[in-house]
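Asker: Before I ask anything, here is the structure I am working with.
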Amino acid sequence: MRAIGNLASVVLVCSAAALAAAAPSPAQTATASAPARATASAAAATTATLAAIAPDVAEPGSIEEIATATSAPQFLSPWVSYLPASPTVPSPRAFLKRIAGAPGELVNSATANAYARALAQASPRVQLFTIGKSEEGRDIVMLAIADEAGMQALERLQSDTAALADPRVTDPAAAERIVERARPIYYFNAALHSDETGSTESVLELAYRLAVSEQPMIQRIRQNLIVLINPVSNPDGRDRMVEWFYRFLKGNSERSALPRQSPPYWSNYAFVDINRDAHQLVHEATRSVARMFFEWHPTVVHDLHESVALLMSWNGTGPYNPNIDPITFSEFQALSFHEVQTLTGFGMPGASTWNFGEAFAHLYLDSIAMNHNSIGRGYETFGNGTAETLQWTLSPEETSREWYRVLPPPAKPFLWSARDNVNYNQTAALAALDMAATQSKTLLRNFYRKGYNSWRKGLDEPPYAFAIRADQGDPRRVAQLIARLQSQHIEVHRASTPFAVNEGSFAAGTYVVRLDQPYRNYAVDLLTPQNFPKNGGEPYDDVSWQLPAHYHLEAVAIADPAVRTSGWLRRTTVRSRRGRSRAAARSSC
């Protein structure tokens with residue numbers, strides 16, 4: 001295992017023996033009495049943690065409470081086995097009167113946002129932004145976390161990433177100068193799916209840890225990155241789920257007596273998965289993240305979900321979408337394997353990658369990043385669908401040792417708690433952040449290079465544009481298609497006079513999507529047919545999302561380079577179906 005900061009080497013020497021000696025077998029874990037198990041775990045964790053956390057001082061009682069709520073020592077890493085004490089900044093434990101992931105408790109959106117505000121008010125390393133409102137009027141908030149220097153330079157750092165996003169205004173020499181002073185921006189998104197309950201608790205504690213810990217790894221993250229955290233991206237759904245839990249699920253730890261799944265709640269009047277909205281941007285949750293993306297241009301968008309035992313760091317099995325820059329696929333594979341390596345090094349079973357989805361369709365929330373030259377990532381942690389601790393027995397297929405899952409989950413019955421989920425989420429997130437901090441300049445150069453590659457393809461390779469005639473049937477459908485492209489910051493021009501190219505003659509008013517732009521690859525992905533390989537296996541999700549087919553319109557691919565040299569094209573703004581001006585005619589990406 002590669003040592004991640006000074007703490008990892010201490011962990012491998014100090015805590016492995018102590019925790020292994022105290023660790024019961026999975027069968028013993030599942031059947032031992034709760035008081036005896038909690039006492040043994042807490043005592044072992046206290047001894048190991050106190051030796052490893054310097055220069056931090058543990059918040060009194062936090063080590064014992066975290067160990068007690070963790071169902072087995074193997075499900076806990078030293079990184080998250082305590083809360084660092086602060087005399088001025090409230091911890092989630094102090095604010096909520098319990099630890100994050102406490103059994104039988106869930107935090108609603110109002111309380112989560114209240115803690116986020118308290119954290120921002122108390123710490124000079126944290127700022128809070130309201131990035132949207134839900135359909136029912138709840139705030140969607142986001143925390144920005146960095147060291148004091150980063151917070152003071154926040155606007156300049158935003159401008160730096162915006163400049164790197166557009167190679168037409170930033171040449172390679174200028175980009176390199178920006179890279180030297182800029183920072184990657186790493187965004188976490190929690191609680192998109194309402195019945196996947198653990199991520200909000202995880203990121204509230206993560207935010208506090210990043211703000212106050214003085215561990216060398218945490219200092220490196222603060223100094224080299226800007227970390228953005230959205231604790232409740234779907235607050236309407238979150239509050240429905242919290243109400244459902246306290247009314248119907250609390251106190252019930254028998255899986256056979258629980259519903260197969262709690263009712264998912266996407267948002268008002270939207271009967272579509274909220275995590276399939278990256279192209280259409282129907283939900284306020286997705287729109288809020290899209291607006292955030294174009295304001296901050298985060299290098300990574302990381303969405304937190306629950307389904308796979310015990311943590312799946314998603315990067316897909318292939319076939320991969322040919323319109324995503326290959327650099328992106330290599331980046332998220334490297335991050336995923338680093339997380340698996342880190343958790344495996346801590347002895348945490350069930351960390352895996354690869355064996356989930358195929359990465360052909362990019363219509364998920366994190367795809368907002370994938371489609372715009374950034375890195376889209378996701379976790380699937382093992383969620384109970386409740387805040388109670390449940391006993392599980394996994395199938396042989398889930399517990400076999402594989403190249404992508406070298407330390408599999410327990411094969412025997414085991415208990416899994418809400419705190420276990422928090423431990424895995426937070427440990428993996430810290431590993432990802434540390435790798436991003438260590439490789440910060442490489443990530444920024446790659447971000448610029450991907451936009452540059454996309455722009456150069458539009459200059460050097462046909463097609464050079466798509467022409468969309470304005471007089472195709474219902475003009476509202478044409479306007480909707482153009483507005484859809486512009487909502488993705490894909491630039492659209494319009495012909496002020498008739499023109500002719502090798503592909504035909506086009507009337508004045510024809511819309512032209514020139515491909516010499518940073519989001520050329522995404523424009524091609526949306527305007528051309530998809531070809532899922534016949535030998536690609538069963539797809540995880542959609543295999544077609546071509547917008548002209550959806551709107552029953554034609555987008556003519558233009559291979560005549562004259563289309564981009566004509567002086568009669570002007571940038572345009574159209575009215576969307578809601579009658580609001582779409583401002584994608586602006587020059588910024």
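Residues are referred to by chain and number: the chain letter is A, B, ... according to the order shown in the structure tokens, the number counts from 1 in that chain, and ligands are numbered separately from 1 in the order shown.
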At most 10 Å is the cut-off: for each residue in range 262-345 of chain A with any atom that close to an atom of range 529-532 of chain A, write down the nearest atom pair and the distance in Å rounded to one decimal, counting only C-alpha atoms, chain first then increasing number, as a tab-separated table.
Answerer:
residue	atom	partner	partner_atom	distance
A:Pro319	CA	A:Phe532	CA	7.8
A:Tyr320	CA	A:Phe532	CA	9.4
A:Asn321	CA	A:Phe532	CA	8.9
A:Pro322	CA	A:Gln530	CA	9.6
Asker: Take the residues from that selection and write them out as a PDB file, in the first residue's frame, keeping C-alpha atoms.
Answerer:
ATOM      1  CA  PRO A 319     -18.154  -0.292 -23.632  1.00  0.00           C
ATOM      2  CA  TYR A 320     -17.180   3.318 -23.016  1.00  0.00           C
ATOM      3  CA  ASN A 321     -18.804   6.302 -24.675  1.00  0.00           C
ATOM      4  CA  PRO A 322     -16.607   7.263 -27.668  1.00  0.00           C
TER       5      PRO A 322
END
Asker: Hey, what does DSSP flag as strand (DSSP E or B) within range 165-385 of chain A? Can you give it to me as a VMD selection string?
Answerer: chain A and resid 185 to 189 226 to 230 300 to 306 311 to 313 351 to 353 375 to 381
Asker: Given the choices A:Thr68, A:Leu444, A:Leu526, A:Arg220, which gets closest to Ile178 in chain A if the distance is worked out from only C-alpha atoms?
Answerer: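 Closest candidate: A:Leu444.
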Asker: Any idea what's packed within 8 Å of range 418-421 of chain A, counting only C-alpha atoms, ignoring anything in its chain fewer than 2 positions away? Could you give it as a ChimeraX atom specification?
Answerer: /A:66,69-71,75-76,100-103,198,202,381-384,386-389,416,423-425
Asker: With C-alpha atoms retained, write the just-selected residues as a tab-separated table (two decimals), in the first residue's frame.
Answerer:
chain	number	residue	atom	x	y	z
A	66	ILE	CA	-18.04	5.90	16.93
A	69	ALA	CA	-21.97	2.48	16.54
A	70	THR	CA	-19.60	0.57	14.23
A	71	SER	CA	-20.76	-3.03	14.02
A	75	PHE	CA	-15.57	-1.66	9.18
A	76	LEU	CA	-13.69	1.32	10.68
A	100	ALA	CA	-23.17	11.02	12.38
A	101	GLY	CA	-24.57	7.60	11.58
A	102	ALA	CA	-25.96	7.01	15.07
A	103	PRO	CA	-28.36	4.04	15.08
A	198	GLY	CA	-26.24	7.61	4.53
A	202	SER	CA	-21.22	11.22	5.93
A	381	THR	CA	-22.08	2.03	-0.54
A	382	PHE	CA	-24.06	-0.65	1.23
A	383	GLY	CA	-27.21	1.05	2.44
A	384	ASN	CA	-29.77	-0.54	4.72
A	386	THR	CA	-33.06	2.55	7.18
A	387	ALA	CA	-30.99	4.03	10.00
A	388	GLU	CA	-31.29	0.81	12.03
A	389	THR	CA	-28.61	-1.89	12.15
A	416	TRP	CA	-24.20	-3.54	9.07
A	423	ASN	CA	-17.04	5.06	7.80
A	424	TYR	CA	-16.72	3.64	4.28
A	425	ASN	CA	-18.02	6.75	2.52
Asker: Which one is closest to Thr393 in chain A: A:Leu225, A:Lys412, A:Ala211, A:Ala334? Count only C-alpha atoms.
Answerer: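 Between A:Leu225, A:Lys412, A:Ala211, A:Ala334, the residue approaching Thr393 in chain A most closely is A:Lys412.
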Asker: Fewer than 4 positions away in the same chain doesn't count, so skip those; otherwise give me all residues within 9 Å of Tyr82 in chain A, counting only C-alpha atoms, as an MDAnalysis selection string.
Answerer: chainID A and resid 46 49:50 53 57:59 61:67 78
Asker: Dump C-alpha atoms for the selected residues as a CSV table (one decimal), in the first residue's frame?
Answerer:
chain,number,residue,atom,x,y,z
A,46,THR,CA,-9.7,4.0,22.0
A,49,THR,CA,-6.9,5.8,17.9
A,50,LEU,CA,-5.2,7.8,20.7
A,53,ILE,CA,-4.4,10.9,15.8
A,57,VAL,CA,-7.0,15.8,19.9
A,58,ALA,CA,-10.1,13.7,20.0
A,59,GLU,CA,-13.4,15.3,21.0
A,61,GLY,CA,-16.4,10.7,23.9
A,62,SER,CA,-16.2,10.6,20.1
A,63,ILE,CA,-13.9,7.6,19.9
A,64,GLU,CA,-16.1,5.5,22.1
A,65,GLU,CA,-19.4,6.5,20.4
A,66,ILE,CA,-18.0,5.9,16.9
A,67,ALA,CA,-16.7,2.5,17.9
A,78,PRO,CA,-8.4,5.2,11.9
Asker: Write out as CSV a residue-level contact list of range 437-506 of chain A versus range 291-312 of chain A with cut-off 12 Å: for each qualifying residue the closest pair of atoms and the distance in Å to one decimal, counting only C-alpha atoms, rows sorted by chain and residue number upward.
Answerer:
residue,atom,partner,partner_atom,distance
A:Ala437,CA,A:Thr299,CA,11.7
A:Gln439,CA,A:Thr299,CA,11.9
A:Ser440,CA,A:Thr299,CA,9.7
A:Lys441,CA,A:Thr299,CA,11.1
A:Thr442,CA,A:Thr299,CA,10.9
A:Leu443,CA,A:Thr299,CA,7.2
A:Leu444,CA,A:Thr299,CA,7.3
A:Arg445,CA,A:Thr299,CA,10.4
A:Asn446,CA,A:Thr299,CA,9.3
A:Phe447,CA,A:Thr299,CA,6.7
A:Tyr448,CA,A:Thr299,CA,9.9
A:Lys450,CA,A:Thr299,CA,11.2
A:Gly451,CA,A:His297,CA,11.8
A:Ser487,CA,A:Arg291,CA,9.5
A:Gln488,CA,A:Phe294,CA,9.2
A:His489,CA,A:Phe294,CA,8.3
A:Ile490,CA,A:Phe294,CA,11.8
Asker: Just write the chosen residues, N, CA and C atoms, as a short mmCIF file (atom, residue, chain, number, x, y, z; two decimals), in the first residue's frame.
Answerer:
data_model
loop_
_atom_site.label_atom_id
_atom_site.label_comp_id
_atom_site.auth_asym_id
_atom_site.auth_seq_id
_atom_site.Cartn_x
_atom_site.Cartn_y
_atom_site.Cartn_z
N ALA A 437 -5.28 16.03 -4.24
CA ALA A 437 -4.38 17.06 -3.73
C ALA A 437 -2.94 16.79 -4.16
N GLN A 439 -1.98 15.07 -6.79
CA GLN A 439 -1.88 15.16 -8.25
C GLN A 439 -2.59 16.41 -8.79
N SER A 440 -2.63 17.47 -8.01
CA SER A 440 -3.47 18.62 -8.36
C SER A 440 -3.09 19.24 -9.70
N LYS A 441 -1.82 19.40 -9.97
CA LYS A 441 -1.42 20.05 -11.22
C LYS A 441 -1.71 19.16 -12.43
N THR A 442 -1.55 17.86 -12.26
CA THR A 442 -1.89 16.94 -13.35
C THR A 442 -3.38 17.00 -13.67
N LEU A 443 -4.22 17.03 -12.64
CA LEU A 443 -5.66 17.12 -12.86
C LEU A 443 -6.02 18.40 -13.61
N LEU A 444 -5.40 19.52 -13.24
CA LEU A 444 -5.70 20.78 -13.92
C LEU A 444 -5.22 20.76 -15.36
N ARG A 445 -4.04 20.23 -15.60
CA ARG A 445 -3.55 20.15 -16.99
C ARG A 445 -4.45 19.25 -17.82
N ASN A 446 -4.89 18.14 -17.24
CA ASN A 446 -5.79 17.26 -17.98
C ASN A 446 -7.12 17.94 -18.27
N PHE A 447 -7.64 18.70 -17.31
CA PHE A 447 -8.89 19.43 -17.52
C PHE A 447 -8.75 20.38 -18.71
N TYR A 448 -7.68 21.13 -18.76
CA TYR A 448 -7.46 22.02 -19.90
C TYR A 448 -7.29 21.22 -21.18
N LYS A 450 -8.41 18.34 -22.11
CA LYS A 450 -9.65 17.75 -22.64
C LYS A 450 -10.47 18.78 -23.40
N GLY A 451 -10.60 19.99 -22.87
CA GLY A 451 -11.29 21.04 -23.61
C GLY A 451 -10.55 21.40 -24.88
N SER A 487 -28.81 25.10 -22.87
CA SER A 487 -28.80 24.87 -21.42
C SER A 487 -27.56 24.10 -21.00
N GLN A 488 -26.95 23.38 -21.95
CA GLN A 488 -25.72 22.64 -21.70
C GLN A 488 -24.48 23.47 -22.07
N HIS A 489 -24.68 24.74 -22.35
CA HIS A 489 -23.60 25.66 -22.74
C HIS A 489 -22.93 25.23 -24.04
N ILE A 490 -23.70 24.57 -24.89
CA ILE A 490 -23.27 24.31 -26.26
C ILE A 490 -23.68 25.52 -27.09
#
Asker: Using only C-alpha atoms, which residue out of A:Val289, A:Ile226, A:Ala174, A:Ala479 lies closest to Ala144 in chain A?
Answerer: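 Ranking A:Val289, A:Ile226, A:Ala174, A:Ala479 by distance to Ala144 in chain A, first place goes to A:Ile226.
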Asker: Out of A:Asp366, A:Glu180, A:Glu214, A:Asp471, which residue has the shortest atom-to-atom distance to Phe332 in chain A when counting only C-alpha atoms?
Answerer: A:Asp366
Asker: I need the residue nearest Gly345 in chain A from this list: A:Gln280, A:Thr399, A:Gln74, A:Asn224. Use only C-alpha atoms for the distance.
Answerer: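 Of A:Gln280, A:Thr399, A:Gln74, A:Asn224, the one nearest Gly345 in chain A is A:Gln74, counting only C-alpha atoms.
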Asker: If we count only C-alpha atoms and set the cut-off at 12 Å, which residues sit around Pro462 in chain A, ignoring sequence neighbours fewer than 6 positions away in its own chain? Please answer as an MDAnalysis selection string.
Answerer: chainID A and resid 456 514:516 520 524 557:564
Asker: Please produce a file of those selected residues containing C-alpha atoms, as a PDB file, in the first residue's frame.
Answerer:
ATOM      1  CA  ARG A 456      -9.228  21.009 -31.972  1.00  0.00           C
ATOM      2  CA  ARG A 514     -20.288  24.977 -35.009  1.00  0.00           C
ATOM      3  CA  LEU A 515     -18.006  22.336 -33.571  1.00  0.00           C
ATOM      4  CA  ASP A 516     -14.926  24.481 -32.979  1.00  0.00           C
ATOM      5  CA  ARG A 520     -17.812  19.832 -29.281  1.00  0.00           C
ATOM      6  CA  VAL A 524     -21.767  15.361 -31.258  1.00  0.00           C
ATOM      7  CA  ALA A 557     -23.832  17.115 -40.319  1.00  0.00           C
ATOM      8  CA  ILE A 558     -21.729  19.570 -42.339  1.00  0.00           C
ATOM      9  CA  ALA A 559     -18.318  18.359 -43.532  1.00  0.00           C
ATOM     10  CA  ASP A 560     -17.705  21.464 -45.674  1.00  0.00           C
ATOM     11  CA  PRO A 561     -15.196  23.658 -43.754  1.00  0.00           C
ATOM     12  CA  ALA A 562     -16.714  26.765 -45.359  1.00  0.00           C
ATOM     13  CA  VAL A 563     -19.479  26.574 -42.768  1.00  0.00           C
ATOM     14  CA  ARG A 564     -17.186  27.917 -40.061  1.00  0.00           C
TER      15      ARG A 564
END
